[in-house]
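K.L.:
My questions all concern the structure below.
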Amino acid sequence: MNKKLVAALSGGAALMLALTGCSEDNSKKLNDWAKSFCDPAQAPFKQIQDANAAMQTADNGSADSKKVQRTDSAAFQKISQAYASLAKSLQQAGAPPTDQGKQAQENAVKELNSLSKGYADLQKQVNNLDTSDKLKFADGLRDLSNGINKLNKQSEAAFKNLEAGDVGAAMAKQKGCQNQAASGSPVPTPSKKS
(Lines give C-alpha, C1' and ligand atoms only; values in the text may rest on other atoms or scores of the structure.)
Protein backbone atom coordinates (compact mmCIF):
# COMPACT_ATOMS: atom_id res chain seq x y z
CA MET A 1 0.00 0.00 0.00
CA ASN A 2 1.25 3.47 -0.82
CA LYS A 3 1.98 4.94 2.62
CA LYS A 4 2.31 8.48 1.27
CA LEU A 5 -1.20 8.29 -0.17
CA VAL A 6 -2.63 6.93 3.08
CA ALA A 7 -0.90 9.67 5.08
CA ALA A 8 -2.26 12.37 2.78
CA LEU A 9 -5.79 11.14 3.38
CA SER A 10 -5.66 10.73 7.15
CA GLY A 11 -7.53 14.00 7.55
CA GLY A 12 -10.76 12.16 6.69
CA ALA A 13 -10.54 10.19 9.91
CA ALA A 14 -10.01 13.39 11.86
CA LEU A 15 -13.07 14.86 10.18
CA MET A 16 -15.29 11.97 11.22
CA LEU A 17 -13.84 11.83 14.73
CA ALA A 18 -14.51 15.54 15.09
CA LEU A 19 -18.17 14.63 15.41
CA THR A 20 -17.60 12.68 18.62
CA GLY A 21 -16.45 15.43 21.01
CA CYS A 22 -15.25 14.61 24.52
CA SER A 23 -16.71 16.89 27.20
CA GLU A 24 -19.74 16.02 29.33
CA ASP A 25 -23.15 17.69 29.30
CA ASN A 26 -26.62 16.53 30.29
CA SER A 27 -28.73 19.15 28.56
CA LYS A 28 -31.91 17.55 27.26
CA LYS A 29 -32.13 19.99 24.34
CA LEU A 30 -28.59 19.23 23.22
CA ASN A 31 -29.08 15.49 23.60
CA ASP A 32 -32.36 15.64 21.65
CA TRP A 33 -30.66 17.64 18.89
CA ALA A 34 -27.70 15.24 18.76
CA LYS A 35 -30.07 12.28 18.52
CA SER A 36 -31.98 13.96 15.67
CA PHE A 37 -28.72 14.22 13.71
CA CYS A 38 -26.82 11.11 14.80
CA ASP A 39 -29.58 8.53 14.37
CA PRO A 40 -30.06 9.13 10.62
CA ALA A 41 -26.32 9.83 10.20
CA GLN A 42 -25.38 6.30 11.23
CA ALA A 43 -26.13 4.80 7.79
CA PRO A 44 -24.06 7.35 5.79
CA PHE A 45 -21.15 6.96 8.23
CA LYS A 46 -21.28 3.20 7.65
CA GLN A 47 -21.46 3.75 3.90
CA ILE A 48 -18.25 5.80 4.05
CA GLN A 49 -16.55 3.11 6.14
CA ASP A 50 -17.67 0.34 3.79
CA ALA A 51 -16.45 2.25 0.73
CA ASN A 52 -13.14 2.86 2.45
CA ALA A 53 -12.81 -0.82 3.32
CA ALA A 54 -13.54 -1.82 -0.28
CA MET A 55 -10.79 0.48 -1.55
CA GLN A 56 -8.30 -0.78 1.02
CA THR A 57 -8.86 -4.44 0.22
CA ALA A 58 -9.25 -4.22 -3.57
CA ASP A 59 -5.54 -4.27 -4.39
CA ASN A 60 -3.22 -6.98 -3.12
CA GLY A 61 -0.29 -5.38 -4.93
CA SER A 62 -0.90 -7.11 -8.22
CA ALA A 63 -4.51 -6.21 -8.93
CA ASP A 64 -5.52 -5.20 -12.41
CA SER A 65 -5.67 -1.40 -12.84
CA LYS A 66 -9.17 -1.66 -14.32
CA LYS A 67 -10.38 -3.49 -11.20
CA VAL A 68 -8.81 -0.85 -8.94
CA GLN A 69 -10.39 1.87 -11.07
CA ARG A 70 -13.86 0.26 -10.84
CA THR A 71 -13.51 -0.21 -7.07
CA ASP A 72 -12.36 3.35 -6.46
CA SER A 73 -15.01 4.80 -8.77
CA ALA A 74 -17.80 2.93 -6.98
CA ALA A 75 -16.37 3.93 -3.60
CA PHE A 76 -16.13 7.61 -4.56
CA GLN A 77 -19.76 7.48 -5.69
CA LYS A 78 -20.87 5.95 -2.39
CA ILE A 79 -18.84 8.46 -0.37
CA SER A 80 -20.31 11.33 -2.40
CA GLN A 81 -23.83 10.05 -1.71
CA ALA A 82 -23.03 9.54 1.97
CA TYR A 83 -21.79 13.11 2.43
CA ALA A 84 -24.94 14.40 0.69
CA SER A 85 -27.03 12.31 3.12
CA LEU A 86 -25.08 13.68 6.09
CA ALA A 87 -25.71 17.23 4.86
CA LYS A 88 -29.43 16.46 4.55
CA SER A 89 -29.52 14.91 8.05
CA LEU A 90 -27.79 17.94 9.53
CA GLN A 91 -30.13 20.29 7.66
CA GLN A 92 -33.18 18.40 8.96
CA ALA A 93 -31.81 18.32 12.53
CA GLY A 94 -31.69 22.11 12.49
CA ALA A 95 -29.20 24.25 14.35
CA PRO A 96 -27.80 22.93 17.62
CA PRO A 97 -29.24 24.87 20.60
CA THR A 98 -26.15 27.00 21.27
CA ASP A 99 -25.17 30.63 20.67
CA GLN A 100 -23.25 29.89 17.48
CA GLY A 101 -25.27 26.79 16.54
CA LYS A 102 -26.99 28.20 13.45
CA GLN A 103 -23.75 29.42 11.88
CA ALA A 104 -21.91 26.19 12.75
CA GLN A 105 -24.72 24.12 11.24
CA GLU A 106 -24.84 26.21 8.06
CA ASN A 107 -21.07 25.96 7.64
CA ALA A 108 -21.06 22.20 8.22
CA VAL A 109 -23.95 21.62 5.77
CA LYS A 110 -22.11 23.71 3.16
CA GLU A 111 -18.90 21.73 3.70
CA LEU A 112 -20.68 18.36 3.59
CA ASN A 113 -22.30 19.34 0.28
CA SER A 114 -18.88 20.50 -0.94
CA LEU A 115 -17.41 17.13 0.03
CA SER A 116 -20.21 15.35 -1.82
CA LYS A 117 -19.50 17.35 -4.96
CA GLY A 118 -15.76 16.90 -4.51
CA TYR A 119 -16.03 13.10 -4.32
CA ALA A 120 -18.34 13.09 -7.36
CA ASP A 121 -15.61 15.02 -9.20
CA LEU A 122 -13.00 12.51 -8.00
CA GLN A 123 -15.15 9.71 -9.34
CA LYS A 124 -15.09 11.36 -12.78
CA GLN A 125 -11.33 11.81 -12.53
CA VAL A 126 -10.64 8.21 -11.55
CA ASN A 127 -12.90 7.05 -14.40
CA ASN A 128 -10.72 9.03 -16.82
CA LEU A 129 -7.40 7.59 -15.64
CA ASP A 130 -5.38 5.55 -18.14
CA THR A 131 -5.44 1.95 -16.94
CA SER A 132 -3.30 0.60 -19.77
CA ASP A 133 -0.09 1.83 -18.11
CA LYS A 134 0.21 0.79 -14.45
CA LEU A 135 2.76 3.50 -13.61
CA LYS A 136 0.66 6.27 -15.17
CA PHE A 137 -2.36 4.92 -13.34
CA ALA A 138 -0.48 4.96 -10.01
CA ASP A 139 0.61 8.54 -10.71
CA GLY A 140 -3.00 9.45 -11.41
CA LEU A 141 -4.09 7.99 -8.09
CA ARG A 142 -1.43 10.02 -6.31
CA ASP A 143 -2.75 13.16 -8.01
CA LEU A 144 -6.25 12.30 -6.75
CA SER A 145 -4.96 12.19 -3.19
CA ASN A 146 -4.18 15.92 -3.43
CA GLY A 147 -7.82 16.59 -4.22
CA ILE A 148 -9.00 14.49 -1.29
CA ASN A 149 -6.56 16.18 1.05
CA LYS A 150 -7.91 19.57 -0.03
CA LEU A 151 -11.50 18.45 0.61
CA ASN A 152 -10.63 17.25 4.09
CA LYS A 153 -8.94 20.55 4.99
CA GLN A 154 -11.95 22.55 3.79
CA SER A 155 -14.35 20.65 5.99
CA GLU A 156 -12.33 20.49 9.21
CA ALA A 157 -12.96 24.10 10.28
CA ALA A 158 -16.76 23.83 9.99
CA PHE A 159 -16.79 20.57 11.94
CA LYS A 160 -14.58 22.00 14.66
CA ASN A 161 -17.14 24.76 15.14
CA LEU A 162 -20.11 22.37 15.00
CA GLU A 163 -18.71 19.92 17.53
CA ALA A 164 -17.29 22.49 19.93
CA GLY A 165 -18.01 22.08 23.62
CA ASP A 166 -21.42 20.87 24.71
CA VAL A 167 -22.62 20.01 21.18
CA GLY A 168 -19.71 17.61 20.70
CA ALA A 169 -20.34 16.07 24.10
CA ALA A 170 -24.01 15.50 23.26
CA MET A 171 -23.06 13.96 19.90
CA ALA A 172 -20.54 11.68 21.61
CA LYS A 173 -23.37 10.13 23.64
CA GLN A 174 -25.31 9.12 20.55
CA LYS A 175 -24.68 5.67 19.12
CA GLY A 176 -24.97 6.96 15.54
CA CYS A 177 -22.02 9.33 16.01
CA GLN A 178 -19.78 7.12 18.14
CA ASN A 179 -16.51 5.84 16.69
CA GLN A 180 -17.73 6.17 13.13
CA ALA A 181 -14.20 6.71 11.78
CA ALA A 182 -12.49 3.95 13.72
CA SER A 183 -11.82 2.00 10.53
CA GLY A 184 -10.13 4.95 8.83
CA SER A 185 -10.74 7.64 6.29
CA PRO A 186 -11.75 7.19 2.68
CA VAL A 187 -8.61 6.11 0.89
CA PRO A 188 -8.40 5.20 -2.82
CA THR A 189 -6.79 1.86 -3.49
CA PRO A 190 -3.19 2.58 -4.49
CA SER A 191 -1.61 0.69 -7.30
CA LYS A 192 1.91 -0.74 -6.96
CA LYS A 193 4.55 1.84 -6.09
CA SER A 194 6.45 3.21 -9.05
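Going by the C-alpha coordinates order, chains are called A, B, ..., each with residues numbered from 1, while ligands are numbered from 1 in the order shown.
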Write out as number ranges by chain the residues lying within 6 Å of A:Val109, counting only C-alpha atoms and excluding same-chain residues fewer than 3 positions away.
P.N.:
A: 87, 106, 112
K.L.:
Sort by chain and increasing residue number a table of all residues of stretch 60-151 of chain A within 6 Å of stretch 34-52 of chain A, each with its closest pair of atoms and their distance in Å to one decimal, counting only C-alpha atoms, and write it as a tab-separated table.
P.N.:
residue	atom	partner	partner_atom	distance
A:Ala75	CA	A:Ala51	CA	4.6
A:Ile79	CA	A:Ile48	CA	5.2
A:Ala82	CA	A:Pro44	CA	4.5
A:Leu86	CA	A:Ala41	CA	5.8
A:Ser89	CA	A:Phe37	CA	5.8
A:Leu90	CA	A:Phe37	CA	5.7
A:Ala93	CA	A:Phe37	CA	5.3
K.L.:
Got a sec: who's within 10 Å of stretch 129-133 of chain A, counting only C-alpha atoms, leaving out chain neighbours fewer than 3 positions off, as a ChimeraX atom specification?
P.N.:
/A:64-69,124-126,136-141
K.L.:
Using only N, CA and C atoms, please write the residues we just selected to a file, as a short mmCIF file (atom, residue, chain, number, x, y, z; two decimals), in the first residue's frame.
P.N.:
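Writing the result to result-v2.cif gives the following:
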data_model
loop_
_atom_site.label_atom_id
_atom_site.label_comp_id
_atom_site.auth_asym_id
_atom_site.auth_seq_id
_atom_site.Cartn_x
_atom_site.Cartn_y
_atom_site.Cartn_z
N ASP A 64 -5.37 -5.84 -11.11
CA ASP A 64 -5.52 -5.20 -12.41
C ASP A 64 -5.96 -3.75 -12.22
N SER A 65 -5.35 -2.82 -12.96
CA SER A 65 -5.67 -1.40 -12.84
C SER A 65 -7.15 -1.13 -13.09
N LYS A 66 -7.74 -1.86 -14.03
CA LYS A 66 -9.17 -1.66 -14.32
C LYS A 66 -10.02 -2.02 -13.11
N LYS A 67 -9.64 -3.08 -12.40
CA LYS A 67 -10.38 -3.49 -11.20
C LYS A 67 -10.25 -2.42 -10.12
N VAL A 68 -9.04 -1.91 -9.94
CA VAL A 68 -8.81 -0.85 -8.94
C VAL A 68 -9.64 0.38 -9.32
N GLN A 69 -9.64 0.71 -10.60
CA GLN A 69 -10.39 1.87 -11.07
C GLN A 69 -11.89 1.70 -10.79
N LYS A 124 -15.29 11.08 -11.35
CA LYS A 124 -15.09 11.36 -12.78
C LYS A 124 -13.61 11.27 -13.13
N GLN A 125 -12.77 11.82 -12.26
CA GLN A 125 -11.33 11.81 -12.53
C GLN A 125 -10.76 10.40 -12.54
N VAL A 126 -11.17 9.57 -11.58
CA VAL A 126 -10.64 8.21 -11.55
C VAL A 126 -11.15 7.43 -12.76
N LYS A 136 1.46 5.06 -14.96
CA LYS A 136 0.66 6.27 -15.17
C LYS A 136 -0.59 6.24 -14.29
N PHE A 137 -1.18 5.06 -14.16
CA PHE A 137 -2.36 4.92 -13.34
C PHE A 137 -2.03 5.24 -11.88
N ALA A 138 -0.91 4.70 -11.39
CA ALA A 138 -0.48 4.96 -10.01
C ALA A 138 -0.23 6.45 -9.80
N ASP A 139 0.38 7.09 -10.79
CA ASP A 139 0.61 8.54 -10.71
C ASP A 139 -0.72 9.29 -10.64
N GLY A 140 -1.67 8.83 -11.42
CA GLY A 140 -3.00 9.45 -11.41
C GLY A 140 -3.67 9.33 -10.06
N LEU A 141 -3.53 8.17 -9.43
CA LEU A 141 -4.09 7.99 -8.09
C LEU A 141 -3.43 8.93 -7.08
#
K.L.:
Could you check how far atom CA of A:Asn146 sits from atom CA of A:Gln178, in Å to one decimal?
P.N.:
28.0 Å
K.L.:
Would you kindly return, as a list in words, each protein, DNA or RNA residue with an atom no farther than 8 Å from any atom of A:Leu115, considering only C-alpha atoms and excluding same-chain residues fewer than 5 positions away?
P.N.:
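My reading of the contact set: Ser80, Tyr83, Leu151, Asn152 and Ser155 of chain A.
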K.L.:
Selected residues, N, CA and C atoms, written as a PDB file, in the first residue's frame, please.
P.N.:
ATOM      1  N   SER A  80     -19.628  10.114  -1.979  1.00  0.00           N
ATOM      2  CA  SER A  80     -20.312  11.329  -2.401  1.00  0.00           C
ATOM      3  C   SER A  80     -21.767  11.307  -1.927  1.00  0.00           C
ATOM      4  N   TYR A  83     -21.952  11.731   1.961  1.00  0.00           N
ATOM      5  CA  TYR A  83     -21.793  13.107   2.433  1.00  0.00           C
ATOM      6  C   TYR A  83     -23.045  13.934   2.135  1.00  0.00           C
ATOM      7  N   LEU A 151     -10.128  18.560   0.120  1.00  0.00           N
ATOM      8  CA  LEU A 151     -11.504  18.449   0.605  1.00  0.00           C
ATOM      9  C   LEU A 151     -11.535  18.303   2.127  1.00  0.00           C
ATOM     10  N   ASN A 152     -10.658  17.471   2.638  1.00  0.00           N
ATOM     11  CA  ASN A 152     -10.626  17.252   4.086  1.00  0.00           C
ATOM     12  C   ASN A 152     -10.290  18.539   4.836  1.00  0.00           C
ATOM     13  N   SER A 155     -13.243  21.006   5.115  1.00  0.00           N
ATOM     14  CA  SER A 155     -14.352  20.652   5.992  1.00  0.00           C
ATOM     15  C   SER A 155     -13.995  20.685   7.471  1.00  0.00           C
TER      16      SER A 155
END
K.L.:
Interatomic distance between atom CA of A:Lys153 and atom CA of A:Gly118?
P.N.:
12.3 Å
K.L.:
From the set A:Ser85, A:Asn149, A:Thr71, A:Thr98, which residue has the shortest atom-to-atom contact distance to A:Gln123, counting only C-alpha atoms?
P.N.:
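Among the listed residues, the smallest separation from A:Gln123 belongs to A:Thr71.
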K.L.:
Could you make a table, as a tab-separated table, of the residues of stretch 76-102 of chain A that have an atom within 12 Å of an atom of stretch 160-175 of chain A, each with its nearest atom pair and distance in Å to one decimal, counting only C-alpha atoms, in chain and number order?
P.N.:
residue	atom	partner	partner_atom	distance
A:Leu90	CA	A:Leu162	CA	10.4
A:Gly94	CA	A:Leu162	CA	11.8
A:Ala95	CA	A:Leu162	CA	9.3
A:Pro96	CA	A:Val167	CA	6.9
A:Pro97	CA	A:Val167	CA	8.2
A:Thr98	CA	A:Val167	CA	7.8
A:Asp99	CA	A:Val167	CA	10.9
A:Gln100	CA	A:Asn161	CA	8.3
A:Gly101	CA	A:Leu162	CA	7.0
A:Lys102	CA	A:Leu162	CA	9.1
